[in-house]
Amino acid sequence: MSRRWRLDSGESLVISGAPVARGVVGPFLSFVLIEGGVTALATQWGLLHRYEGIALLFVGFIPALLLFTRTWRWRSHKITVTTRRVLIEGGVLSRYSTQVNVSDVVATRVEQSLAQRLRRRGAVVVDTSSGSITLPIVRHPAALGRLIDRTRRDEASADSRSWDQWFADPDPGRDRPLEG
C-alpha cells in the first residue's frame, strides 16, 4: 500500500506496519485440503482423473476467493507512528485515515482477551483529551504502547526549554520597567 501522506519538516518515521491478519488461516487450510483431496481422489477414480483440472478449479474457487479478499483487506490497513503523529489508514473500497498528534496523547493502554494474551496480540487504545482511538489488533501491543509513550515523552522534552535556558533567563520580564 502506498503512502498517501507526507512527513512534515523535522518529522521522521518511527515504525510502520500492518495489523494482525484475521480470517486468513481458515480459507487457506480449506483450499489446501480440498485441492489435496481432489488430487488424491483423482488417482483412484478414472472419471475424476480425466476432468481433474476442471474439478480443481471448481471446488477451489470459493476458498481461493475468500483467501484473496481477506488478504487484500488485511494488507490494505496500516498503522504508522512518526515522531509527531500516529496515523491509522485502511479500507478496500472506501478509504479512511485517522491521525493523532503525539502531543495530544494523554495515555495509552492495551486491551487483550485471554486468547489474545496467549498469542501476544491485542488492541492499543490511545487516549487523548478529546476521546479515545482504538488501533486495530497488532502483535506485541504493549511494545507499541510503550513506543507511542516514549515518542510522546521525547516530543515533549524536545519542545521544553533546557536547564541552561531556564537558568540563563529565568524570568525574561522581571528586569523591565513597568510601562504605564
# chains A, B, ... in the order shown; residues from 1 in each chain; ligands from 1

call {"tool": "residues_around", "arguments": {"residues": "Leu66 of chain A", "least_positions_apart": "3", "cutoff": "12 Å", "atoms": "only C-alpha atoms", "output": "MDAnalysis selection string"}}
result
chainID A and resid 22:31 60:63 69:73

call {"tool": "write_last_selection", "arguments": {"atoms": "N, CA and C atoms", "output": "PDB file, in the first residue's frame"}}
result
ATOM      1  N   ARG A  22      -6.442 -11.446  10.036  1.00  0.00           N
ATOM      2  CA  ARG A  22      -7.591 -12.098  10.661  1.00  0.00           C
ATOM      3  C   ARG A  22      -8.401 -12.807   9.598  1.00  0.00           C
ATOM      4  N   GLY A  23      -8.719 -14.069   9.835  1.00  0.00           N
ATOM      5  CA  GLY A  23      -9.572 -14.814   8.934  1.00  0.00           C
ATOM      6  C   GLY A  23      -8.886 -15.333   7.693  1.00  0.00           C
ATOM      7  N   VAL A  24      -7.565 -15.445   7.705  1.00  0.00           N
ATOM      8  CA  VAL A  24      -6.831 -15.904   6.525  1.00  0.00           C
ATOM      9  C   VAL A  24      -6.501 -17.396   6.630  1.00  0.00           C
ATOM     10  N   VAL A  25      -6.304 -17.899   7.825  1.00  0.00           N
ATOM     11  CA  VAL A  25      -5.861 -19.285   8.007  1.00  0.00           C
ATOM     12  C   VAL A  25      -6.937 -20.284   7.579  1.00  0.00           C
ATOM     13  N   GLY A  26      -8.191 -20.033   7.923  1.00  0.00           N
ATOM     14  CA  GLY A  26      -9.273 -20.958   7.572  1.00  0.00           C
ATOM     15  C   GLY A  26      -9.435 -21.163   6.073  1.00  0.00           C
ATOM     16  N   PRO A  27      -9.571 -20.093   5.274  1.00  0.00           N
ATOM     17  CA  PRO A  27      -9.659 -20.293   3.826  1.00  0.00           C
ATOM     18  C   PRO A  27      -8.409 -20.946   3.227  1.00  0.00           C
ATOM     19  N   PHE A  28      -7.235 -20.632   3.773  1.00  0.00           N
ATOM     20  CA  PHE A  28      -6.008 -21.241   3.255  1.00  0.00           C
ATOM     21  C   PHE A  28      -6.008 -22.749   3.505  1.00  0.00           C
ATOM     22  N   LEU A  29      -6.332 -23.153   4.742  1.00  0.00           N
ATOM     23  CA  LEU A  29      -6.353 -24.583   5.058  1.00  0.00           C
ATOM     24  C   LEU A  29      -7.436 -25.325   4.273  1.00  0.00           C
ATOM     25  N   SER A  30      -8.611 -24.714   4.132  1.00  0.00           N
ATOM     26  CA  SER A  30      -9.662 -25.381   3.360  1.00  0.00           C
ATOM     27  C   SER A  30      -9.263 -25.502   1.885  1.00  0.00           C
ATOM     28  N   PHE A  31      -8.601 -24.497   1.340  1.00  0.00           N
ATOM     29  CA  PHE A  31      -8.138 -24.570  -0.045  1.00  0.00           C
ATOM     30  C   PHE A  31      -7.138 -25.713  -0.216  1.00  0.00           C
ATOM     31  N   GLY A  60     -12.011 -25.329  -5.758  1.00  0.00           N
ATOM     32  CA  GLY A  60     -11.077 -24.440  -5.098  1.00  0.00           C
ATOM     33  C   GLY A  60     -11.379 -22.973  -5.286  1.00  0.00           C
ATOM     34  N   PHE A  61     -12.408 -22.645  -6.090  1.00  0.00           N
ATOM     35  CA  PHE A  61     -12.697 -21.251  -6.401  1.00  0.00           C
ATOM     36  C   PHE A  61     -13.137 -20.460  -5.166  1.00  0.00           C
ATOM     37  N   ILE A  62     -14.084 -20.968  -4.404  1.00  0.00           N
ATOM     38  CA  ILE A  62     -14.618 -20.215  -3.255  1.00  0.00           C
ATOM     39  C   ILE A  62     -13.570 -20.037  -2.150  1.00  0.00           C
ATOM     40  N   PRO A  63     -12.839 -21.081  -1.732  1.00  0.00           N
ATOM     41  CA  PRO A  63     -11.789 -20.825  -0.730  1.00  0.00           C
ATOM     42  C   PRO A  63     -10.702 -19.875  -1.246  1.00  0.00           C
ATOM     43  N   THR A  69      -9.697 -12.117  -0.897  1.00  0.00           N
ATOM     44  CA  THR A  69     -10.359 -10.922  -0.367  1.00  0.00           C
ATOM     45  C   THR A  69      -9.908 -10.609   1.061  1.00  0.00           C
ATOM     46  N   ARG A  70      -9.731 -11.629   1.884  1.00  0.00           N
ATOM     47  CA  ARG A  70      -9.292 -11.370   3.259  1.00  0.00           C
ATOM     48  C   ARG A  70      -7.837 -10.918   3.315  1.00  0.00           C
ATOM     49  N   THR A  71      -7.008 -11.455   2.440  1.00  0.00           N
ATOM     50  CA  THR A  71      -5.622 -10.985   2.375  1.00  0.00           C
ATOM     51  C   THR A  71      -5.573  -9.554   1.883  1.00  0.00           C
ATOM     52  N   TRP A  72      -6.372  -9.219   0.906  1.00  0.00           N
ATOM     53  CA  TRP A  72      -6.421  -7.856   0.369  1.00  0.00           C
ATOM     54  C   TRP A  72      -6.874  -6.874   1.448  1.00  0.00           C
ATOM     55  N   ARG A  73      -7.915  -7.263   2.197  1.00  0.00           N
ATOM     56  CA  ARG A  73      -8.410  -6.406   3.272  1.00  0.00           C
ATOM     57  C   ARG A  73      -7.344  -6.215   4.356  1.00  0.00           C
TER      58      ARG A  73
END

call {"tool": "closest_atom_pairs", "arguments": {"of": "segment 21-91 of chain A", "to": "segment 104-125 of chain A", "cutoff": "12 Å", "atoms": "only C-alpha atoms", "output": "JSON lines"}}
result
{"residue": "A:Ala21", "atom": "CA", "partner": "A:Arg121", "partner_atom": "CA", "distance": 10.9}
{"residue": "A:Arg22", "atom": "CA", "partner": "A:Arg121", "partner_atom": "CA", "distance": 11.4}
{"residue": "A:Ile79", "atom": "CA", "partner": "A:Val124", "partner_atom": "CA", "distance": 11.1}
{"residue": "A:Arg84", "atom": "CA", "partner": "A:Asp104", "partner_atom": "CA", "distance": 9.8}
{"residue": "A:Arg85", "atom": "CA", "partner": "A:Asp104", "partner_atom": "CA", "distance": 9.3}
{"residue": "A:Val86", "atom": "CA", "partner": "A:Val105", "partner_atom": "CA", "distance": 9.5}
{"residue": "A:Ile88", "atom": "CA", "partner": "A:Val124", "partner_atom": "CA", "distance": 11.9}

call {"tool": "atom_distance", "arguments": {"atom1": "atom CA of Pro19 of chain A", "atom2": "atom CA of Ile137 of chain A"}}
result
5.7 Å

call {"tool": "select_by_dssp", "arguments": {"residues": "chain A", "states": "helix (DSSP H, G or I)", "output": "VMD selection string"}}
result
chain A and resid 25 to 44 46 to 50 52 to 75 102 to 104 114 to 118 141 to 159 163 to 168

call {"tool": "closest_residue", "arguments": {"among": "A:Leu67, A:Val81, A:Val32, A:Val100", "to": "Leu147 of chain A", "atoms": "only C-alpha atoms"}}
result
A:Val81
